[in-house]
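Undergrad: Sending over query39.txt (compact mmCIF, C-alpha atoms).
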```
# COMPACT_ATOMS: atom_id res chain seq x y z
CA MET A 1 34.69 -20.22 -25.65
CA LYS A 2 32.03 -17.87 -27.02
CA PHE A 3 29.44 -20.25 -25.73
CA PHE A 4 30.80 -20.06 -22.20
CA LEU A 5 31.06 -16.31 -22.26
CA SER A 6 27.49 -15.89 -23.41
CA LEU A 7 26.38 -18.35 -20.78
CA LEU A 8 28.24 -16.32 -18.23
CA LEU A 9 26.62 -13.12 -19.40
CA PHE A 10 23.24 -14.77 -19.47
CA SER A 11 23.47 -15.99 -15.91
CA LEU A 12 24.66 -12.61 -14.69
CA ILE A 13 21.81 -10.76 -16.38
CA ASN A 14 19.44 -13.35 -15.06
CA SER A 15 20.42 -12.76 -11.48
CA VAL A 16 19.92 -8.99 -11.74
CA ALA A 17 16.66 -8.77 -13.67
CA GLY A 18 13.19 -9.26 -12.29
CA ARG A 19 12.46 -6.49 -9.77
CA THR A 20 9.27 -4.52 -9.80
CA GLU A 21 10.57 -1.06 -10.66
CA ASN A 22 7.26 0.13 -11.86
CA ILE A 23 6.06 2.56 -9.21
CA LYS A 24 3.67 5.41 -9.73
CA GLY A 25 5.18 8.85 -9.38
CA ILE A 26 8.92 8.34 -9.59
CA ASN A 27 9.00 9.17 -13.29
CA ASP A 28 6.92 12.31 -12.94
CA ASN A 29 8.52 15.71 -13.20
CA LEU A 30 11.26 16.00 -10.58
CA TYR A 31 9.45 18.83 -8.82
CA ASP A 32 5.91 17.45 -8.81
CA ARG A 33 4.60 17.42 -5.28
CA PRO A 34 2.01 14.89 -4.12
CA TYR A 35 0.19 17.63 -2.18
CA SER A 36 -0.48 21.20 -3.16
CA ILE A 37 -0.12 23.82 -0.41
CA GLY A 38 -3.86 23.74 0.35
CA GLU A 39 -3.89 19.98 0.80
CA LEU A 40 -0.91 19.80 3.12
CA LYS A 41 -1.75 18.30 6.50
CA SER A 42 0.54 18.09 9.45
CA GLY A 43 0.77 14.80 11.31
CA ARG A 44 -1.12 16.52 14.14
CA ASN A 45 -4.34 16.27 12.06
CA PHE A 46 -4.23 12.51 12.52
CA LEU A 47 -3.71 12.42 16.28
CA GLN A 48 -6.21 11.21 18.80
CA LYS A 49 -7.96 14.05 20.61
CA GLU A 50 -6.20 13.58 23.95
CA THR A 51 -2.77 13.41 22.32
CA LEU A 52 -3.46 16.57 20.35
CA GLU A 53 -4.58 18.40 23.48
CA MET A 54 -1.39 17.35 25.22
CA GLU A 55 0.69 18.53 22.27
CA LEU A 56 -0.98 21.93 22.16
CA ASP A 57 -0.51 22.68 25.85
CA ASP A 58 3.08 23.60 26.70
CA PHE A 59 2.50 22.65 30.34
CA ASP A 60 1.36 19.14 29.48
CA ASN A 61 3.64 18.51 26.53
CA PRO A 62 6.47 16.21 27.75
CA GLY A 63 8.65 17.43 24.85
CA MET A 64 8.89 20.78 26.65
CA ILE A 65 11.23 19.18 29.20
CA TRP A 66 13.69 18.77 26.33
CA VAL A 67 13.13 22.34 25.21
CA GLU A 68 13.78 23.65 28.73
CA ARG A 69 16.92 21.57 29.10
CA GLY A 70 18.01 22.73 25.63
CA LYS A 71 17.56 26.33 26.65
CA GLU A 72 19.79 25.80 29.68
CA LEU A 73 22.48 24.11 27.62
CA PHE A 74 22.23 26.85 25.00
CA ASN A 75 23.05 29.44 27.62
CA SER A 76 25.78 27.52 29.44
CA VAL A 77 29.48 27.64 28.86
CA LEU A 78 30.84 24.41 27.47
CA GLU A 79 34.23 23.24 28.69
CA LYS A 80 37.39 25.19 28.31
CA ASN A 81 37.03 28.25 26.12
CA ASN A 82 34.21 29.90 27.98
CA LEU A 83 31.73 30.17 25.14
CA SER A 84 28.04 29.39 25.12
CA CYS A 85 25.82 29.04 22.05
CA ASN A 86 24.06 32.13 23.24
CA GLN A 87 27.13 34.33 22.79
CA CYS A 88 27.10 33.80 19.03
CA HIS A 89 23.36 33.38 18.64
CA ASN A 90 21.66 36.08 20.62
CA THR A 91 18.62 38.05 19.57
CA ASN A 92 20.66 40.82 17.96
CA LYS A 93 22.61 38.72 15.55
CA ASN A 94 22.04 35.32 14.10
CA SER A 95 19.27 34.40 16.51
CA LEU A 96 18.47 31.12 14.73
CA ILE A 97 14.78 31.99 14.39
CA GLY A 98 13.79 30.43 11.06
CA ALA A 99 17.05 28.49 10.86
CA PRO A 100 15.37 25.05 10.67
CA SER A 101 14.22 25.96 7.13
CA ASN A 102 17.86 25.83 6.04
CA PHE A 103 18.34 22.19 6.99
CA PRO A 104 19.54 19.71 5.91
CA LYS A 105 22.07 21.99 4.22
CA LEU A 106 25.30 21.69 2.33
CA ASN A 107 28.30 21.35 4.60
CA LYS A 108 31.27 23.68 4.22
CA ASP A 109 33.17 20.94 2.40
CA ASN A 110 30.48 21.11 -0.31
CA ILE A 111 30.26 17.34 -0.58
CA SER A 112 27.75 16.37 2.05
CA LEU A 113 24.54 17.45 3.75
CA ILE A 114 24.29 18.11 7.46
CA ASN A 115 21.15 18.32 9.55
CA MET A 116 20.49 20.49 12.60
CA GLU A 117 21.96 18.03 15.08
CA GLN A 118 25.14 17.69 13.04
CA GLN A 119 25.39 21.49 12.70
CA ILE A 120 25.15 21.86 16.47
CA ASN A 121 28.03 19.43 16.88
CA ILE A 122 30.08 21.30 14.29
CA CYS A 123 29.61 24.51 16.29
CA ILE A 124 30.56 22.70 19.49
CA VAL A 125 33.74 21.25 18.00
CA ASP A 126 34.91 24.05 15.70
CA TYR A 127 33.92 27.17 17.62
CA MET A 128 33.62 26.08 21.21
CA GLU A 129 36.43 23.53 21.18
CA ALA A 130 34.34 21.15 23.20
CA ARG A 131 33.46 17.49 22.75
CA PRO A 132 30.57 16.71 20.37
CA TYR A 133 27.46 15.03 21.79
CA PRO A 134 26.62 11.56 20.50
CA LEU A 135 23.89 11.69 17.84
CA GLU A 136 20.45 11.01 19.35
CA SER A 137 21.76 11.83 22.84
CA ARG A 138 19.54 13.62 25.32
CA GLU A 139 21.71 16.76 25.23
CA LEU A 140 21.92 17.06 21.46
CA LEU A 141 18.18 16.51 20.99
CA SER A 142 17.45 19.00 23.76
CA LEU A 143 19.46 21.67 21.94
CA SER A 144 17.87 20.72 18.65
CA ALA A 145 14.35 20.80 20.13
CA TYR A 146 15.01 24.19 21.71
CA ILE A 147 16.18 25.65 18.40
CA ALA A 148 13.20 24.13 16.58
CA TYR A 149 10.85 25.53 19.23
CA LYS A 150 12.14 29.05 18.58
CA SER A 151 10.67 28.73 15.06
CA LYS A 152 7.36 27.25 16.12
CA GLY A 153 4.55 28.71 14.00
CA LEU A 154 6.81 29.84 11.16
CA PRO A 155 6.31 28.20 7.77
CA MET A 156 8.72 25.54 6.65
CA ASP A 157 10.40 26.86 3.51
CA ILE A 158 12.98 24.61 1.88
CA LYS A 159 14.69 25.82 -1.29
CA ILE A 160 16.18 23.52 -3.87
CA ASP A 161 18.77 24.94 -6.25
CA SER A 162 21.83 23.79 -8.16
CA SER A 163 23.82 23.41 -4.95
CA ASN A 164 21.56 20.82 -3.33
CA GLU A 165 19.59 19.40 -6.25
CA LYS A 166 21.80 16.32 -6.45
CA PHE A 167 20.87 15.40 -2.87
CA PHE A 168 17.24 16.22 -3.51
CA LYS A 169 17.19 13.76 -6.43
CA ARG A 170 18.79 11.08 -4.29
CA GLY A 171 16.21 11.73 -1.57
CA LYS A 172 13.34 11.41 -4.01
CA GLU A 173 14.80 8.18 -5.34
CA LEU A 174 14.97 6.80 -1.80
CA TYR A 175 11.41 7.90 -1.12
CA PHE A 176 10.15 5.83 -4.04
CA GLU A 177 12.45 2.84 -3.57
CA ARG A 178 10.80 -0.36 -2.43
CA ILE A 179 12.79 -1.84 0.39
CA GLY A 180 12.79 -4.61 2.95
CA GLN A 181 11.15 -7.99 3.13
CA MET A 182 7.79 -6.17 2.85
CA ASN A 183 8.99 -4.53 -0.36
CA LEU A 184 7.39 -1.17 0.49
CA ALA A 185 8.37 2.40 -0.39
CA CYS A 186 7.65 5.53 1.65
CA ASN A 187 5.41 6.96 -1.07
CA GLN A 188 3.15 3.92 -1.02
CA CYS A 189 1.98 4.73 2.49
CA HIS A 190 2.41 8.48 2.67
CA ASN A 191 1.37 9.65 -0.82
CA HIS A 192 -1.69 7.50 -1.23
CA LEU A 193 -3.06 6.27 2.08
CA GLU A 194 -3.62 9.36 4.18
CA GLY A 195 -6.31 8.68 6.77
CA LYS A 196 -6.26 4.89 6.38
CA TYR A 197 -5.43 2.62 9.27
CA LEU A 198 -2.45 0.33 9.62
CA ARG A 199 -3.66 -1.66 12.62
CA ALA A 200 -4.35 1.04 15.21
CA GLU A 201 -2.27 3.75 13.55
CA GLN A 202 -3.78 6.28 11.21
CA ILE A 203 -1.42 7.02 8.35
CA SER A 204 -0.54 10.68 7.81
CA GLN A 205 1.13 12.46 4.91
CA GLY A 206 4.45 11.69 6.61
CA HIS A 207 5.77 15.21 7.20
CA ILE A 208 8.57 16.26 9.53
CA ASN A 209 7.42 19.72 10.63
CA GLY A 210 6.92 18.37 14.18
CA TYR A 211 10.46 17.06 14.69
CA PRO A 212 12.26 16.55 17.00
CA SER A 213 9.12 14.86 18.30
CA TYR A 214 8.18 13.29 21.62
CA MET A 215 7.50 9.62 20.92
CA MET A 216 5.15 8.06 23.45
CA ARG A 217 6.24 4.52 22.59
CA TRP A 218 9.80 5.29 23.67
CA GLY A 219 9.14 8.06 26.19
CA VAL A 220 11.80 10.29 24.62
CA VAL A 221 12.21 13.01 22.04
CA ALA A 222 13.42 11.51 18.75
CA SER A 223 15.05 12.95 15.65
CA VAL A 224 13.76 12.70 12.08
CA HIS A 225 16.35 10.01 11.39
CA ARG A 226 15.12 7.92 14.30
CA ARG A 227 11.62 8.11 12.80
CA PHE A 228 13.02 6.95 9.43
CA GLN A 229 14.66 4.01 11.15
CA PHE A 230 11.34 3.06 12.65
CA CYS A 231 9.50 3.17 9.30
CA ASN A 232 12.35 1.09 7.82
CA GLU A 233 11.90 -1.49 10.55
CA GLN A 234 8.18 -1.68 9.77
CA ALA A 235 9.03 -2.66 6.20
CA ARG A 236 11.60 -5.11 7.63
CA ALA A 237 14.36 -3.16 5.90
CA GLU A 238 17.82 -2.72 7.38
CA PRO A 239 17.82 0.74 8.96
CA LEU A 240 20.70 3.15 8.21
CA GLU A 241 22.73 4.85 10.93
CA ILE A 242 21.42 8.09 12.36
CA GLY A 243 23.20 10.88 10.48
CA HIS A 244 23.67 8.73 7.37
CA PRO A 245 24.05 10.77 4.12
CA ASP A 246 21.10 8.93 2.58
CA TYR A 247 18.87 9.84 5.54
CA ASN A 248 19.90 13.47 5.09
CA ALA A 249 19.01 13.29 1.40
CA LEU A 250 15.65 11.74 2.30
CA GLN A 251 15.11 14.42 4.94
CA LEU A 252 15.80 17.14 2.38
CA TYR A 253 13.22 15.69 0.00
CA ILE A 254 10.60 15.28 2.72
CA ALA A 255 11.20 18.76 4.13
CA TRP A 256 10.73 20.25 0.65
CA ARG A 257 7.66 18.09 0.09
CA GLY A 258 6.10 19.61 3.22
CA SER A 259 7.16 23.21 2.61
CA GLY A 260 4.34 25.52 3.61
CA LEU A 261 3.50 23.65 6.81
CA LEU A 262 4.23 25.37 10.08
CA PHE A 263 6.97 24.19 12.41
CA GLU A 264 5.39 22.48 15.44
CA SER A 265 8.22 20.89 17.35
CA PRO A 266 8.02 19.43 19.92
CA SER A 267 5.09 17.44 18.59
CA ILE A 268 3.78 14.30 20.26
CA ARG A 269 3.48 11.06 18.36
CA ARG A 270 2.69 7.50 19.31
CA MET B 1 51.28 -23.49 -20.72
CA ASN B 2 48.91 -22.49 -23.46
CA ASN B 3 47.32 -19.15 -22.67
CA LYS B 4 44.12 -19.82 -24.57
CA TYR B 5 43.66 -23.04 -22.66
CA ASN B 6 44.07 -21.21 -19.38
CA ILE B 7 41.35 -18.72 -20.16
CA PHE B 8 39.09 -21.53 -21.29
CA LEU B 9 39.64 -23.36 -18.04
CA LEU B 10 38.97 -20.26 -15.99
CA ALA B 11 35.78 -19.48 -17.85
CA THR B 12 34.59 -23.04 -17.38
CA ILE B 13 35.25 -22.98 -13.65
CA PHE B 14 33.57 -19.61 -13.32
CA THR B 15 30.50 -20.71 -15.24
CA LEU B 16 30.29 -23.89 -13.22
CA CYS B 17 30.49 -21.87 -10.03
CA ILE B 18 27.61 -19.72 -11.16
CA PHE B 19 25.57 -22.78 -12.05
CA VAL B 20 26.20 -24.24 -8.64
CA LEU B 21 25.31 -20.96 -6.95
CA GLN B 22 22.15 -20.63 -9.01
CA SER B 23 20.99 -24.13 -8.27
CA VAL B 24 21.57 -23.62 -4.56
CA GLU B 25 19.45 -20.50 -4.76
CA ALA B 26 16.89 -22.27 -6.88
CA GLU B 27 16.26 -24.68 -4.02
CA SER B 28 15.14 -21.92 -1.69
CA GLU B 29 13.48 -19.97 -4.47
CA SER B 30 9.78 -20.13 -4.91
CA VAL B 31 8.88 -22.31 -7.87
CA TYR B 32 5.32 -22.08 -9.02
CA GLU B 33 3.34 -21.77 -12.20
CA ILE B 34 0.73 -19.10 -12.91
CA ARG B 35 -2.07 -19.98 -15.29
CA ASN B 36 -5.40 -18.15 -15.77
CA ASN B 37 -4.54 -15.83 -12.86
CA GLN B 38 -4.20 -18.79 -10.56
CA ILE B 39 -1.55 -20.96 -8.95
CA MET B 40 -3.26 -24.34 -9.01
CA GLU B 41 -0.62 -26.52 -7.36
CA PRO B 42 -0.22 -26.33 -3.57
CA LEU B 43 3.25 -25.11 -2.61
CA VAL B 44 3.80 -28.21 -0.47
CA GLU B 45 2.15 -31.59 -0.17
CA GLY B 46 0.10 -32.63 2.82
CA LEU B 47 -3.20 -31.74 4.42
CA PRO B 48 -3.45 -28.02 5.34
CA ASP B 49 -4.48 -27.00 8.86
CA PRO B 50 -7.08 -24.18 8.75
CA MET B 51 -6.93 -23.48 12.49
CA ASN B 52 -3.21 -22.89 12.26
CA GLY B 53 -3.93 -20.68 9.25
CA ARG B 54 -6.36 -18.63 11.33
CA GLU B 55 -3.70 -18.18 14.00
CA ILE B 56 -1.18 -16.93 11.39
CA VAL B 57 -3.67 -14.44 9.93
CA ILE B 58 -4.50 -12.95 13.34
CA SER B 59 -1.05 -13.01 14.93
CA ARG B 60 2.03 -11.01 14.06
CA ILE B 61 3.30 -13.98 12.04
CA GLY B 62 1.13 -13.13 9.04
CA ASN B 63 -0.03 -9.75 10.37
CA CYS B 64 -2.86 -9.65 7.82
CA LEU B 65 -5.01 -7.55 10.17
CA ALA B 66 -2.48 -4.72 9.85
CA CYS B 67 -4.08 -4.02 6.49
CA HIS B 68 -7.29 -6.06 6.33
CA LYS B 69 -10.50 -6.26 8.29
CA ILE B 70 -12.20 -9.55 9.10
CA SER B 71 -15.54 -9.04 10.91
CA SER B 72 -15.70 -12.52 12.43
CA ILE B 73 -12.52 -11.87 14.39
CA ASP B 74 -12.85 -10.18 17.74
CA GLU B 75 -9.91 -7.79 17.65
CA SER B 76 -10.35 -4.06 17.95
CA PHE B 77 -7.45 -2.82 15.86
CA GLN B 78 -7.86 -3.92 12.27
CA GLY B 79 -6.43 -2.04 9.31
CA ASN B 80 -8.29 -0.83 6.22
CA ILE B 81 -5.50 -0.44 3.69
CA GLY B 82 -6.57 -3.49 1.72
CA PRO B 83 -10.12 -4.71 1.05
CA SER B 84 -12.06 -6.49 3.80
CA LEU B 85 -11.46 -10.22 3.74
CA ASP B 86 -15.08 -10.99 4.64
CA GLY B 87 -16.44 -13.52 2.17
CA VAL B 88 -13.11 -13.88 0.44
CA GLY B 89 -13.55 -17.67 0.30
CA GLU B 90 -16.64 -17.14 -1.77
CA ARG B 91 -15.18 -14.58 -4.11
CA TYR B 92 -12.01 -16.48 -4.95
CA LYS B 93 -10.98 -19.98 -5.85
CA GLU B 94 -8.13 -21.63 -3.98
CA GLY B 95 -5.68 -21.01 -6.85
CA GLU B 96 -6.62 -17.32 -6.99
CA LEU B 97 -5.99 -16.89 -3.27
CA ARG B 98 -2.63 -18.64 -3.66
CA LEU B 99 -1.63 -16.19 -6.40
CA ARG B 100 -2.58 -13.23 -4.19
CA LEU B 101 -0.44 -14.46 -1.32
CA VAL B 102 2.48 -15.61 -3.42
CA ASN B 103 2.68 -12.92 -6.10
CA PRO B 104 0.32 -9.95 -5.66
CA TYR B 105 2.44 -7.97 -8.16
CA TYR B 106 1.27 -10.24 -10.95
CA LEU B 107 -2.16 -8.59 -10.83
CA ASN B 108 -1.08 -5.17 -9.58
CA PRO B 109 2.59 -4.19 -9.97
CA GLU B 110 2.09 -1.37 -7.46
CA SER B 111 0.43 -3.53 -4.85
CA LEU B 112 1.06 -2.69 -1.23
CA MET B 113 0.39 -6.24 -0.29
CA PRO B 114 3.74 -7.95 0.22
CA SER B 115 4.51 -11.25 -1.41
CA PHE B 116 4.60 -13.77 1.40
CA PHE B 117 6.71 -16.16 -0.66
CA GLN B 118 9.48 -14.01 -2.11
CA ASN B 119 13.07 -14.06 -0.90
CA LYS B 120 14.94 -12.67 -3.90
CA ASN B 121 15.17 -9.36 -5.75
CA LEU B 122 14.49 -7.46 -2.56
CA VAL B 123 16.48 -4.42 -1.42
CA ARG B 124 18.09 -3.81 2.01
CA VAL B 125 16.24 -6.61 3.80
CA GLU B 126 16.85 -6.58 7.54
CA LYS B 127 19.58 -9.12 8.30
CA LYS B 128 17.43 -11.36 10.44
CA TYR B 129 15.00 -11.84 7.54
CA SER B 130 17.57 -11.97 4.76
CA GLY B 131 17.00 -14.85 2.33
CA LYS B 132 13.76 -15.79 4.06
CA THR B 133 10.19 -15.61 2.82
CA ILE B 134 7.66 -13.96 5.18
CA LEU B 135 5.74 -17.22 5.49
CA THR B 136 6.78 -20.77 4.70
CA ALA B 137 5.05 -22.81 2.01
CA ARG B 138 3.33 -24.82 4.77
CA GLN B 139 2.06 -21.65 6.49
CA ILE B 140 0.73 -20.21 3.23
CA GLU B 141 -1.21 -23.39 2.50
CA ASP B 142 -2.65 -23.27 6.04
CA VAL B 143 -3.71 -19.63 5.56
CA ILE B 144 -5.38 -20.40 2.22
CA SER B 145 -7.32 -23.28 3.74
CA TRP B 146 -8.70 -20.95 6.43
CA LEU B 147 -9.47 -18.10 3.99
CA LEU B 148 -11.58 -20.59 2.02
CA THR B 149 -13.83 -20.96 5.08
CA LEU B 150 -14.67 -17.22 5.01
CA LYS B 151 -18.02 -17.37 3.26
```
Represent the structure from my file as structure tokens, please.
TA:
Amino acid sequence: MKFFLSLLLFSLINSVAGRTENIKGINDNLYDRPYSIGELKSGRNFLQKETLEMELDDFDNPGMIWVERGKELFNSVLEKNNLSCNQCHNTNKNSLIGAPSNFPKLNKDNISLINMEQQINICIVDYMEARPYPLESRELLSLSAYIAYKSKGLPMDIKIDSSNEKFFKRGKELYFERIGQMNLACNQCHNHLEGKYLRAEQISQGHINGYPSYMMRWGVVASVHRRFQFCNEQARAEPLEIGHPDYNALQLYIAWRGSGLLFESPSIRR
Amino acid sequence: MNNKYNIFLLATIFTLCIFVLQSVEAESESVYEIRNNQIMEPLVEGLPDPMNGREIVISRIGNCLACHKISSIDESFQGNIGPSLDGVGERYKEGELRLRLVNPYYLNPESLMPSFFQNKNLVRVEKKYSGKTILTARQIEDVISWLLTLK
């Protein structure tokens, strides 16, 4: 009997052990940042010249179509109760300038994080009694890009305290977790390989100050979570759904990691 | 019925199940031996095909150029995350190249180079690749035979 039990235990242990857990950085102090403020570089530093020129010129930047559409939506009345975003968020009160620094933030229920897109939907449902937009839809990203654009040029400033530290820890864990058939973690590319080339793409520090961002490969503005999905696919890892709690935790960690950079949405990326 | 006997029976069945499961896995699992920083034995028998190996290195199948540069190949977008593979057939013996393709973590636990022959102990693998190694044993042998020509 004992023999069988120990065999059982042995085979179970056997099937769990054996992963390479040994990755530089994860065991450092929780609040160690890979880059000090002076070394922070936005993804725009790694763009080709023509792309950068396009990004910097509001007339040429295709992301501005989203911003314009977002502005229209922001000022229009949605469905039945005759409210527009603008009525609650005008320049006198609660103008949303600087608001992107608060996201992802703790939801009212205190058990989950929400990002900007999810917050917009909460306003639409709870205050405007209208139907939420599907995540990653044209309308939702237009609103999100418009709100981000209002803060263009302001520094990203993400605070971690006892209320969101749990999510921050989870995000850091995810950032250092090797995933997919390629067995790669975010930190392996974005903490150590800045400036190197993966095929034709120059690797940046992996910040999100330019999001929502106009992605040339898809011809649309994409959210931070859509970018995460894409990096997951590169490692041949199963992507999570847009809006997934783990993506929000990861977004919180990455936003904090890039605090000090200036907001630049809508940026242009390959 | 005797209770003790029942538990015994259950434990036996359970253990047997696990053995069966493990041996099924073992068939697809990579079995190789590392000695002196080398894997001497080819992963499969048969004559390797260097030209097929070249094709794998260049194409998206092996995607080696994502991270490595090879001067003799006429392809404008080559990565520089790993060292250049120029002259790699001179620097390394066959068994050393096999180790680097099969288990790069043996030499560098933090290696960015993926193992091309690992299908276990991986996290959140995309469903279409689940349980599969990046390259087959045959393909790895073909790649090695071409790398050995890089002198």
Undergrad: Could you tell me which of A:Gly38, A:Pro155, A:Gly195, A:Gly210 comes closest to chain B if we count only C-alpha atoms?
TA: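 Ranking A:Gly38, A:Pro155, A:Gly195, A:Gly210 by distance to chain B, first place goes to A:Gly195.
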Undergrad: For Glu194 of chain A, which residue out of B:Lys120, B:Ile81, B:Asp74, B:Glu41 is the nearest one, using only C-alpha atoms?
TA: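 Distance minimum relative to Glu194 of chain A lands on B:Ile81.
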Undergrad: Just give me the residues with any atom within 10 Å of (-5.5, -21.5, 0.8), file coordinates, counting only C-alpha atoms, written as a list in words.
TA: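 The answer, in the requested form, is Pro42, Pro48, Asp49, Pro50, Gly53, Gly89, Lys93, Glu94, Gly95, Glu96, Leu97, Arg98, Leu99, Leu101, Gln139, Ile140, Glu141, Asp142, Val143, Ile144, Ser145, Trp146, Leu147, Leu148 and Thr149 of chain B.
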Undergrad: Please check which residues have atoms at most 12 Å from (10.3, 3.5, 8.0) in the file's coordinates, counting all atoms listed in the file, and write them as number ranges by chain.
TA: A: 174-175, 177-180, 182-190, 206, 224-240, 247, 250
Undergrad: When you get a sec, could you note down which chain B residues fall within 8 Å of chain A, using only C-alpha atoms, as an mmCIF file with C-alpha atoms, keeping the file's coordinate frame?
TA:
```cif
data_model
loop_
_atom_site.group_PDB
_atom_site.id
_atom_site.type_symbol
_atom_site.label_atom_id
_atom_site.label_comp_id
_atom_site.auth_asym_id
_atom_site.auth_seq_id
_atom_site.Cartn_x
_atom_site.Cartn_y
_atom_site.Cartn_z
ATOM 1 C CA PHE B 8 39.090 -21.530 -21.290
ATOM 2 C CA ALA B 11 35.780 -19.480 -17.850
ATOM 3 C CA THR B 12 34.590 -23.040 -17.380
ATOM 4 C CA PHE B 14 33.570 -19.610 -13.320
ATOM 5 C CA THR B 15 30.500 -20.710 -15.240
ATOM 6 C CA ILE B 18 27.610 -19.720 -11.160
ATOM 7 C CA LEU B 65 -5.010 -7.550 10.170
ATOM 8 C CA ALA B 66 -2.480 -4.720 9.850
ATOM 9 C CA CYS B 67 -4.080 -4.020 6.490
ATOM 10 C CA PHE B 77 -7.450 -2.820 15.860
ATOM 11 C CA GLN B 78 -7.860 -3.920 12.270
ATOM 12 C CA GLY B 79 -6.430 -2.040 9.310
ATOM 13 C CA ASN B 80 -8.290 -0.830 6.220
ATOM 14 C CA ILE B 81 -5.500 -0.440 3.690
ATOM 15 C CA TYR B 105 2.440 -7.970 -8.160
ATOM 16 C CA PRO B 109 2.590 -4.190 -9.970
ATOM 17 C CA GLU B 110 2.090 -1.370 -7.460
ATOM 18 C CA LEU B 112 1.060 -2.690 -1.230
ATOM 19 C CA PRO B 114 3.740 -7.950 0.220
ATOM 20 C CA SER B 115 4.510 -11.250 -1.410
ATOM 21 C CA ASN B 119 13.070 -14.060 -0.900
ATOM 22 C CA ASN B 121 15.170 -9.360 -5.750
ATOM 23 C CA LEU B 122 14.490 -7.460 -2.560
ATOM 24 C CA VAL B 123 16.480 -4.420 -1.420
ATOM 25 C CA ARG B 124 18.090 -3.810 2.010
ATOM 26 C CA VAL B 125 16.240 -6.610 3.800
ATOM 27 C CA GLU B 126 16.850 -6.580 7.540
ATOM 28 C CA LYS B 127 19.580 -9.120 8.300
ATOM 29 C CA TYR B 129 15.000 -11.840 7.540
ATOM 30 C CA SER B 130 17.570 -11.970 4.760
ATOM 31 C CA THR B 133 10.190 -15.610 2.820
ATOM 32 C CA ILE B 134 7.660 -13.960 5.180
#
```
Undergrad: What's the separation between atom CA of Tyr32 of chain B and atom CA of Ser59 of chain B, in Å to one decimal place?
TA: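 Atom CA of Ser59 of chain B lies at a distance of 26.4 Å from atom CA of Tyr32 of chain B.
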Undergrad: Would you mind reading off the distance between atom CA of Tyr211 of chain A and atom CA of Ser36 of chain A, one decimal, in Å?
TA: 21.3 Å
Undergrad: Extract, using all atoms listed in the file, all DNA, RNA and protein residues at most 9 Å from segment 50-65 of chain A, discarding same-chain residues fewer than 5 positions from it, and format them as an mmCIF file with C-alpha atoms, in the frame of the given file.
TA:
```cif
data_model
loop_
_atom_site.group_PDB
_atom_site.id
_atom_site.type_symbol
_atom_site.label_atom_id
_atom_site.label_comp_id
_atom_site.auth_asym_id
_atom_site.auth_seq_id
_atom_site.Cartn_x
_atom_site.Cartn_y
_atom_site.Cartn_z
ATOM 1 C CA ARG A 44 -1.120 16.520 14.140
ATOM 2 C CA ASN A 45 -4.340 16.270 12.060
ATOM 3 C CA GLY A 70 18.010 22.730 25.630
ATOM 4 C CA SER A 142 17.450 19.000 23.760
ATOM 5 C CA ALA A 145 14.350 20.800 20.130
ATOM 6 C CA TYR A 146 15.010 24.190 21.710
ATOM 7 C CA PRO A 212 12.260 16.550 17.000
ATOM 8 C CA SER A 213 9.120 14.860 18.300
ATOM 9 C CA TYR A 214 8.180 13.290 21.620
ATOM 10 C CA MET A 215 7.500 9.620 20.920
ATOM 11 C CA GLY A 219 9.140 8.060 26.190
ATOM 12 C CA VAL A 220 11.800 10.290 24.620
ATOM 13 C CA VAL A 221 12.210 13.010 22.040
ATOM 14 C CA SER A 265 8.220 20.890 17.350
ATOM 15 C CA PRO A 266 8.020 19.430 19.920
ATOM 16 C CA SER A 267 5.090 17.440 18.590
ATOM 17 C CA ILE A 268 3.780 14.300 20.260
ATOM 18 C CA ARG A 269 3.480 11.060 18.360
ATOM 19 C CA ARG A 270 2.690 7.500 19.310
#
```
Undergrad: Could you please fill out segment 50-55 of chain A with N, CA, C and O atoms and send it back as a PDB file, in the coordinates of the input?
TA:
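To be explicit, this is the file written out as out.pdb:
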```
ATOM      1  N   GLU A  50      -6.950  13.346  22.704  1.00  0.00           N
ATOM      2  CA  GLU A  50      -6.200  13.580  23.950  1.00  0.00           C
ATOM      3  C   GLU A  50      -4.733  13.890  23.650  1.00  0.00           C
ATOM      4  O   GLU A  50      -4.128  14.742  24.298  1.00  0.00           O
ATOM      5  N   THR A  51      -4.171  13.181  22.668  1.00  0.00           N
ATOM      6  CA  THR A  51      -2.770  13.410  22.320  1.00  0.00           C
ATOM      7  C   THR A  51      -2.599  14.822  21.762  1.00  0.00           C
ATOM      8  O   THR A  51      -1.645  15.532  22.113  1.00  0.00           O
ATOM      9  N   LEU A  52      -3.540  15.231  20.922  1.00  0.00           N
ATOM     10  CA  LEU A  52      -3.460  16.570  20.350  1.00  0.00           C
ATOM     11  C   LEU A  52      -3.539  17.638  21.443  1.00  0.00           C
ATOM     12  O   LEU A  52      -2.756  18.600  21.446  1.00  0.00           O
ATOM     13  N   GLU A  53      -4.459  17.428  22.384  1.00  0.00           N
ATOM     14  CA  GLU A  53      -4.580  18.400  23.480  1.00  0.00           C
ATOM     15  C   GLU A  53      -3.279  18.513  24.269  1.00  0.00           C
ATOM     16  O   GLU A  53      -2.846  19.599  24.640  1.00  0.00           O
ATOM     17  N   MET A  54      -2.659  17.360  24.499  1.00  0.00           N
ATOM     18  CA  MET A  54      -1.390  17.350  25.220  1.00  0.00           C
ATOM     19  C   MET A  54      -0.313  18.096  24.431  1.00  0.00           C
ATOM     20  O   MET A  54       0.478  18.860  24.977  1.00  0.00           O
ATOM     21  N   GLU A  55      -0.313  17.870  23.109  1.00  0.00           N
ATOM     22  CA  GLU A  55       0.690  18.530  22.270  1.00  0.00           C
ATOM     23  C   GLU A  55       0.528  20.049  22.293  1.00  0.00           C
ATOM     24  O   GLU A  55       1.511  20.796  22.341  1.00  0.00           O
TER      25      GLU A  55
END
```
